[in-house]
file entry-v3.txt (compact mmCIF, C-alpha atoms)
# COMPACT_ATOMS: atom_id res chain seq x y z
CA MET A 286 0.00 0.00 0.00
CA ASN A 287 1.22 3.48 -0.83
CA PRO A 288 1.68 5.45 2.43
CA LEU A 289 0.80 8.65 0.60
CA LEU A 290 -2.77 7.43 0.21
CA ASP A 291 -3.41 6.66 3.88
CA ASP A 292 -4.91 10.00 4.87
CA ASP A 293 -7.12 8.54 7.59
CA LEU A 294 -4.55 6.21 9.09
CA THR A 295 -4.24 6.92 12.81
CA GLY A 296 -1.93 4.07 13.84
CA PRO A 297 1.85 4.30 14.08
CA ARG A 298 3.66 4.73 10.79
CA PRO A 299 7.15 3.57 9.86
CA PRO A 300 9.91 6.17 9.60
CA VAL A 301 9.81 8.25 6.45
CA PHE A 302 13.02 6.81 5.03
CA LEU A 303 11.91 3.22 5.67
CA ALA A 304 8.54 3.70 3.98
CA ALA A 305 10.29 5.44 1.10
CA LEU A 306 12.77 2.60 0.60
CA ARG A 307 10.06 -0.03 0.81
CA THR A 308 7.83 1.73 -1.69
CA ALA A 309 10.64 2.52 -4.14
CA THR A 310 11.96 -1.04 -3.99
CA GLY A 311 8.49 -2.32 -4.87
CA ARG A 312 8.51 -0.36 -8.15
CA THR A 313 10.81 -2.84 -9.88
CA PRO A 314 10.06 -1.91 -13.53
CA ILE A 315 10.83 1.74 -12.80
CA TRP A 316 14.21 1.37 -11.14
CA LEU A 317 15.20 -1.24 -13.71
CA THR A 318 14.41 1.31 -16.42
CA CYS A 319 16.36 4.01 -14.57
CA TRP A 320 19.31 1.59 -14.44
CA PHE A 321 19.12 0.35 -18.02
CA VAL A 322 18.97 3.70 -19.85
CA PRO A 323 22.32 5.05 -18.52
CA LEU A 324 23.84 1.59 -18.99
CA PHE A 325 22.76 1.57 -22.63
CA LEU A 326 24.24 5.04 -23.16
CA ALA A 327 27.52 3.88 -21.59
CA LEU A 328 27.60 0.82 -23.84
CA VAL A 329 27.18 3.04 -26.89
CA LEU A 330 30.27 5.00 -25.89
CA ALA A 331 32.17 1.81 -25.04
CA VAL A 332 31.88 0.40 -28.57
CA PRO A 333 34.72 2.45 -30.19
CA TRP A 334 36.96 1.92 -27.15
CA ARG A 335 36.43 -1.81 -27.24
CA GLY A 336 37.19 -1.84 -30.95
CA PHE A 337 40.43 0.04 -30.34
CA TYR A 338 41.64 -2.28 -27.58
CA ALA A 339 40.58 -5.37 -29.49
CA GLY A 340 42.64 -4.28 -32.47
CA VAL A 341 45.68 -3.28 -30.41
CA LEU A 342 45.78 -6.24 -28.06
CA ALA A 343 44.96 -8.92 -30.60
CA GLN A 344 48.43 -9.20 -32.14
CA ASN A 345 50.85 -6.99 -30.20
CA TYR A 346 50.64 -8.44 -26.69
CA GLU A 347 50.72 -11.81 -25.07
CA PRO A 348 47.21 -12.85 -23.99
CA LEU A 349 46.30 -11.56 -20.51
CA SER A 350 49.68 -9.81 -20.10
CA VAL A 351 48.09 -6.37 -19.67
CA LEU A 352 44.96 -7.48 -17.85
CA ALA A 353 45.97 -6.11 -14.45
CA SER A 354 47.07 -2.67 -15.63
CA MET A 355 47.97 -0.78 -18.74
CA ASP A 356 51.01 1.08 -17.46
CA GLU A 357 52.89 4.07 -18.80
CA ASN A 358 54.71 1.90 -21.33
CA PHE A 359 51.41 0.92 -22.95
CA ARG A 360 50.20 4.53 -22.93
CA PHE A 361 53.50 5.74 -24.40
CA ASP A 362 53.49 3.13 -27.16
CA HIS A 363 49.95 4.02 -28.19
CA GLY A 364 49.88 7.69 -27.23
CA PRO A 365 48.84 9.09 -30.64
CA GLU A 366 46.12 6.46 -31.10
CA LEU A 367 44.71 7.07 -27.61
CA ALA A 368 44.75 10.84 -28.11
CA SER A 369 42.93 10.47 -31.42
CA LEU A 370 40.38 8.14 -29.84
CA LYS A 371 39.73 10.53 -26.95
CA GLN A 372 39.30 13.45 -29.31
CA GLY A 373 37.00 11.47 -31.57
CA THR A 374 34.73 10.30 -28.76
CA ALA A 375 34.72 13.52 -26.69
CA GLU A 376 31.73 15.05 -28.48
CA ILE A 377 29.83 11.77 -28.37
CA ALA A 378 30.52 11.47 -24.65
CA ALA A 379 29.31 15.03 -24.04
CA ALA A 380 26.11 14.40 -26.01
CA LEU A 381 25.42 11.13 -24.19
CA ALA A 382 26.08 12.80 -20.83
CA LEU A 383 23.51 15.47 -21.71
CA VAL A 384 21.01 12.77 -22.69
CA ALA A 385 21.64 11.02 -19.37
CA MET A 386 20.98 14.23 -17.43
CA LEU A 387 17.81 14.91 -19.40
CA PHE A 388 16.67 11.38 -18.65
CA GLY A 389 17.25 12.16 -14.98
CA VAL A 390 14.91 15.13 -15.36
CA PHE A 391 12.36 12.88 -17.07
CA SER A 392 12.62 10.14 -14.44
CA GLY A 393 12.04 12.66 -11.64
CA GLY A 394 8.63 13.47 -13.08
CA GLY A 395 7.90 9.78 -13.50
CA TRP A 396 8.74 8.90 -9.90
CA LEU A 397 6.61 11.73 -8.53
CA GLN A 398 3.67 10.89 -10.78
CA VAL A 399 3.69 7.32 -9.45
CA PHE A 400 3.97 8.42 -5.82
CA LEU A 401 1.48 11.30 -5.91
CA GLU A 402 -1.22 9.86 -8.16
CA ARG A 403 -4.02 8.36 -6.11
CA THR A 404 -4.31 5.16 -8.12
CA GLN A 405 -2.68 1.75 -8.02
CA GLY A 406 -1.21 -0.45 -10.74
CA HIS A 407 0.25 0.32 -14.18
CA SER A 408 3.23 2.01 -12.55
CA MET A 409 5.32 1.98 -15.73
CA ARG A 410 2.59 3.67 -17.72
CA ARG A 411 2.17 6.33 -15.03
CA PHE A 412 5.95 6.75 -14.86
CA LEU A 413 6.15 7.56 -18.58
CA TRP A 414 3.13 9.85 -18.36
CA GLY A 415 4.57 11.74 -15.40
CA GLY A 416 7.96 12.11 -17.05
CA ALA A 417 6.37 13.71 -20.10
CA ARG A 418 3.92 15.79 -18.04
CA TYR A 419 6.50 17.46 -15.81
CA PHE A 420 9.50 17.42 -18.13
CA TRP A 421 9.59 21.10 -19.11
CA ARG A 422 8.85 22.29 -15.58
CA PHE A 423 11.56 20.09 -14.12
CA LEU A 424 13.93 21.14 -16.90
CA ARG A 425 13.63 24.72 -15.64
CA VAL A 426 14.38 23.50 -12.11
CA TRP A 427 17.45 21.72 -13.49
CA LEU A 428 18.66 24.92 -15.16
CA VAL A 429 18.12 26.91 -11.96
CA THR A 430 20.03 24.22 -10.06
CA LEU A 431 22.96 24.45 -12.48
CA LEU A 432 23.07 28.23 -12.09
CA THR A 433 22.95 27.89 -8.30
CA LEU A 434 25.74 25.31 -8.33
CA ALA A 435 27.84 27.62 -10.51
CA LEU A 436 27.26 30.47 -8.06
CA VAL A 437 28.22 28.32 -5.09
CA SER A 438 31.37 27.12 -6.87
CA TRP A 439 32.36 30.72 -7.52
CA ILE A 440 31.76 31.64 -3.88
CA PHE A 441 33.94 28.85 -2.48
CA HIS A 442 36.66 28.88 -5.15
CA GLY A 443 36.62 32.44 -6.40
CA TRP A 444 36.81 36.00 -5.18
CA PRO A 445 34.53 35.72 -2.09
CA TRP A 446 36.56 32.90 -0.52
CA LYS A 447 39.87 34.54 -1.35
CA THR A 448 38.61 37.80 0.14
CA ALA A 449 37.58 35.98 3.33
CA LEU A 450 41.04 34.39 3.60
CA SER A 451 42.65 37.78 3.08
CA LEU A 452 40.57 39.38 5.84
CA LEU A 453 41.00 36.52 8.32
CA PHE A 454 44.60 35.43 7.72
CA GLY A 455 46.11 38.06 5.44
CA ALA A 456 46.42 35.50 2.64
CA GLU A 457 46.66 37.43 -0.60
CA ASP A 458 44.85 35.80 -3.52
CA GLY A 459 44.08 32.74 -1.38
CA ASP A 460 47.76 31.88 -0.81
CA LEU A 461 47.89 29.84 2.43
CA GLU A 462 51.67 29.96 2.74
CA VAL A 463 51.27 32.82 5.21
CA LEU A 464 49.86 30.39 7.79
CA ARG A 465 52.33 29.28 10.42
CA SER A 466 51.66 25.54 10.48
CA GLU A 467 50.76 22.83 8.03
CA PHE A 468 47.90 21.81 10.31
CA SER A 469 46.32 25.24 9.85
CA VAL A 470 46.56 24.88 6.08
CA VAL A 471 44.93 21.45 6.21
CA LEU A 472 42.21 22.73 8.55
CA VAL A 473 41.35 25.65 6.26
CA THR A 474 41.32 23.37 3.21
CA TRP A 475 39.10 20.83 4.92
CA THR A 476 36.76 23.59 6.07
CA GLN A 477 36.49 24.88 2.52
CA ASP A 478 35.84 21.43 1.08
CA GLY A 479 33.39 20.52 3.84
CA LEU A 480 31.32 23.68 3.49
CA TYR A 481 31.34 23.31 -0.28
CA GLY A 482 30.19 19.69 -0.10
CA LEU A 483 27.45 20.42 2.43
CA THR A 484 26.18 23.32 0.33
CA LEU A 485 26.07 21.18 -2.80
CA ALA A 486 24.18 18.46 -0.93
CA LEU A 487 21.70 21.03 0.39
CA ILE A 488 21.12 22.37 -3.13
CA LEU A 489 20.44 18.86 -4.45
CA VAL A 490 17.94 18.25 -1.64
CA TRP A 491 16.37 21.61 -2.41
CA GLY A 492 15.97 20.49 -6.02
CA ASP A 493 14.13 17.34 -4.97
CA TYR A 494 11.73 19.29 -2.77
CA THR A 495 11.22 21.95 -5.44
CA ARG A 496 10.24 19.35 -8.03
CA THR A 497 7.96 17.70 -5.50
CA ARG A 498 6.29 21.02 -4.74
CA LEU A 499 5.68 21.71 -8.42
CA ALA A 500 4.10 18.28 -8.88
CA LEU A 501 2.11 18.39 -5.64
CA GLN A 502 0.59 21.81 -6.28
CA ASP A 503 0.59 21.44 -10.08
CA THR A 504 2.23 24.84 -10.56
CA ARG A 505 4.70 25.96 -13.24
CA SER A 506 7.05 28.62 -11.87
CA ALA A 507 10.35 26.97 -10.96
CA VAL A 508 11.71 30.17 -9.40
CA TRP A 509 8.72 30.74 -7.12
CA ALA A 510 8.57 27.08 -6.13
CA GLY A 511 12.29 27.20 -5.38
CA LEU A 512 11.93 30.25 -3.14
CA CYS A 513 9.05 28.62 -1.28
CA THR A 514 11.11 25.47 -0.88
CA TRP A 515 13.96 27.41 0.74
CA GLY A 516 11.41 28.77 3.19
CA LEU A 517 10.13 25.26 3.88
CA ILE A 518 13.64 23.96 4.59
CA LEU A 519 14.45 26.90 6.86
CA LEU A 520 11.20 26.54 8.80
CA HIS A 521 11.38 22.74 9.12
CA PRO A 522 15.05 21.76 8.78
CA LEU A 523 14.79 18.57 10.82
CA ARG A 524 11.71 17.14 9.13
CA THR A 525 12.91 17.96 5.63
CA LEU A 526 16.58 17.02 5.91
CA ARG A 527 16.52 14.05 8.30
CA PRO A 528 15.09 11.44 5.87
CA MET A 529 17.39 12.66 3.11
CA CYS A 530 20.44 12.34 5.35
CA VAL A 531 19.48 8.81 6.40
CA LEU A 532 18.94 7.77 2.79
CA PHE A 533 22.28 9.29 1.82
CA VAL A 534 24.06 7.37 4.57
CA LEU A 535 22.42 4.11 3.49
CA GLU A 536 23.24 4.77 -0.16
CA ALA A 537 26.85 5.74 0.51
CA GLY A 538 27.36 2.86 2.95
CA LEU A 539 26.44 0.15 0.46
CA VAL A 540 28.30 1.83 -2.40
CA VAL A 541 31.46 2.13 -0.29
CA ALA A 542 31.16 -1.50 0.80
CA LEU A 543 30.79 -2.67 -2.79
CA GLY A 544 33.66 -0.42 -3.81
CA SER A 545 35.91 -1.97 -1.17
CA VAL A 546 35.14 -5.46 -2.46
CA ALA A 547 35.71 -4.34 -6.05
CA HIS A 548 39.00 -2.67 -5.07
CA GLY A 549 40.24 -5.90 -3.54
CA LEU A 550 39.31 -7.85 -6.65
CA ASP A 551 40.93 -5.26 -8.89
CA ARG A 552 44.22 -5.42 -6.98
CA GLY A 553 44.22 -9.18 -7.35
CA LEU A 554 43.89 -9.15 -11.13
CA GLY A 555 46.66 -10.92 -12.99
CA PRO A 556 47.39 -13.32 -15.83
CA GLU A 557 45.77 -16.13 -13.87
CA SER A 558 42.50 -14.22 -13.47
CA GLY A 559 39.67 -15.47 -15.62
CA ALA A 560 36.49 -14.05 -17.08
CA GLY A 561 34.64 -14.78 -13.83
CA THR A 562 36.60 -12.11 -11.97
CA LEU A 563 35.85 -9.52 -14.63
CA LEU A 564 32.17 -10.42 -14.62
CA LEU A 565 32.11 -10.15 -10.84
CA LEU A 566 33.64 -6.67 -11.03
CA PHE A 567 31.05 -5.67 -13.61
CA GLY A 568 28.26 -7.14 -11.49
CA LEU A 569 29.37 -5.24 -8.38
CA GLY A 570 29.29 -2.01 -10.33
CA GLN A 571 25.80 -2.71 -11.63
CA VAL A 572 24.52 -3.58 -8.16
CA ALA A 573 25.82 -0.22 -6.94
CA LEU A 574 24.04 1.56 -9.80
CA LEU A 575 20.81 -0.33 -9.11
CA TRP A 576 20.99 0.60 -5.44
CA ARG A 577 21.55 4.25 -6.33
CA GLY A 578 18.50 4.15 -8.60
CA ILE A 579 16.37 2.73 -5.80
CA THR A 580 17.56 5.33 -3.31
CA ARG A 581 16.91 8.04 -5.89
CA GLY A 582 13.29 6.96 -6.06
CA ALA A 583 13.19 6.71 -2.27
CA ARG A 584 14.30 10.34 -1.97
CA TYR A 585 11.41 11.42 -4.17
CA HIS A 586 9.00 9.37 -2.07
CA ALA A 587 10.39 10.87 1.14
CA ALA A 588 10.10 14.36 -0.33
CA ALA A 589 6.50 13.61 -1.31
CA GLN A 590 5.64 12.37 2.20
CA VAL A 591 7.17 15.39 3.91
CA SER A 592 5.76 17.88 1.42
CA LYS A 593 2.27 16.45 1.75
CA GLN A 594 2.43 17.07 5.49
CA LEU A 595 4.05 20.52 5.42
CA VAL A 596 3.11 22.20 2.13
CA PRO A 597 -0.36 23.77 2.31
CA PRO A 598 -2.61 23.23 -0.70
CA LEU A 599 -3.22 26.14 -2.99
CA ALA A 600 -6.48 28.01 -2.57
CA GLN A 601 -8.81 27.04 -5.38
CA PRO A 602 -11.50 29.40 -6.70
CA ASP A 603 -14.96 28.57 -5.40
CA PRO A 604 -17.30 27.96 -8.36
CA TRP A 605 -20.26 28.53 -6.03
CA ALA A 606 -19.12 31.93 -4.81
CA SER A 607 -21.58 33.59 -7.19
CA ARG A 608 -24.86 31.73 -7.01
CA VAL A 609 -28.55 32.33 -6.79
CA GLY A 610 -31.21 30.42 -4.95
CA GLY A 611 -33.47 30.66 -1.96
CA PRO A 612 -32.34 29.70 1.55
CA GLY A 613 -32.55 25.96 2.01
CA GLY A 614 -33.35 25.44 -1.65
CA PRO A 615 -31.30 24.58 -4.71
CA GLN A 616 -28.35 26.81 -5.53
CA TYR A 617 -27.32 27.65 -9.10
CA PRO A 618 -23.84 28.96 -10.02
CA LEU A 619 -23.78 32.14 -12.07
CA ASP A 620 -21.53 33.18 -14.88
CA LEU A 621 -20.67 36.77 -15.73
CA ASN A 622 -22.70 36.45 -18.91
CA ASP A 623 -25.80 35.10 -17.18
CA ASP A 624 -28.91 37.28 -17.26
CA TYR A 625 -31.40 36.57 -14.53
CA GLY A 626 -34.15 38.14 -12.51
CA VAL A 627 -35.82 37.51 -9.18
CA SER A 628 -39.59 37.38 -8.87
CA VAL A 629 -41.44 37.67 -5.58

call {"tool": "encode", "arguments": {"input": "entry-v3.txt", "output": "structure tokens"}}
result
Amino acid sequence: MNPLLDDDLTGPRPPVFLAALRTATGRTPIWLTCWFVPLFLALVLAVPWRGFYAGVLAQNYEPLSVLASMDENFRFDHGPELASLKQGTAEIAAALALVAMLFGVFSGGGWLQVFLERTQGHSMRRFLWGGARYFWRFLRVWLVTLLTLALVSWIFHGWPWKTALSLLFGAEDGDLEVLRSEFSVVLVTWTQDGLYGLTLALILVWGDYTRTRLALQDTRSAVWAGLCTWGLILLHPLRTLRPMCVLFVLEAGLVVALGSVAHGLDRGLGPESGAGTLLLLFGLGQVALLWRGITRGARYHAAAQVSKQLVPPLAQPDPWASRVGGPGGPQYPLDLNDDYGVSV
């Protein structure tokens, strides 16, 4: 059962993040689609690279001799070919990356349509309908997010940060050599990176809540919805950020665990390694991507739950505000063009 539909439920509910994970995991066709589309785009880009390596390794190297690593000798021997391949695939990679980001915009509308629509079943059909319905609105949110990220990057790596360092430590143009100890330099650098990372994470959460607000209220202004979302986060920081933080920890925890296993397998690669090891590495990567797709849907579900509780519905015009009829009798709505009279 979708927790968003249980308006009259008075019993205890599971935590927001747990209900979100459970609901998103149950939408198997959707997160499989969100996994397959980027994978297909990556495979398209991998075709010319595979052709290059197949041609180079087929006759010039002993089988499995460069399986573990392609060191500087390999890169030096084939430097011109690799440079030409990178230049030839750069535009394709950029175009495919743009398509992947636009699909992310599309999938956001699909997830929210499934979670907010008060019907059950046909989740894939509703996902496609929601992606098309909200695409242009969410595209504007995406553009506003990119502009905000660019502004934040300029603040933490441009003139404002350098000015702050100059005022606090006398560091001209951000040069930290004026600090007395290496620990102070590391502390300032970590502070900069930490604040920058937290701000980026907050902006991404803001984007999720802004898209949810647009879908929940069925409005169109990305700027106004974004401003209202900042107010929502400032007024209710714990309720809005807590489920997102928990989902992020769960997502990062599993990805890091899978990465540690993959790192161990990668370090053990050698001539004796077979196809099974490579398939296992590939499988670990795909499991991580699947898990990230599920948690992405869970974040939208969590944003929908919180927004439904905190975002007030828009005031709708009352069609019966102008009406005629006797007390206790039938009432008839009036239009501006209606001509009527009252007889006594």

call {"tool": "atom_distance", "arguments": {"input": "entry-v3.txt", "atom1": "CA of Leu554 in chain A", "atom2": "CA of Gly538 in chain A"}}
result
24.8 Å

call {"tool": "residues_around", "arguments": {"input": "entry-v3.txt", "residues": "range 476-482 of chain A", "least_positions_apart": "6", "cutoff": "12 Å", "atoms": "all atoms listed in the file", "output": "NGL selection string"}}
result
:A and (434-443 or 445-447 or 449-450 or 459 or 469-470 or 488-489)

call {"tool": "atom_distance", "arguments": {"input": "entry-v3.txt", "atom1": "CA of Leu303 in chain A", "atom2": "CA of Arg581 in chain A"}}
result
13.5 Å

call {"tool": "atom_distance", "arguments": {"input": "entry-v3.txt", "atom1": "CA of Ser506 in chain A", "atom2": "CA of Arg425 in chain A"}}
result
8.5 Å

call {"tool": "residues_around", "arguments": {"input": "entry-v3.txt", "residues": "Thr430 in chain A", "least_positions_apart": "2", "cutoff": "12 Å", "atoms": "only C-alpha atoms", "output": "PyMOL selection string"}}
result
chain A and resi 390+423-428+432-437+485-493+495-496+507-508+511
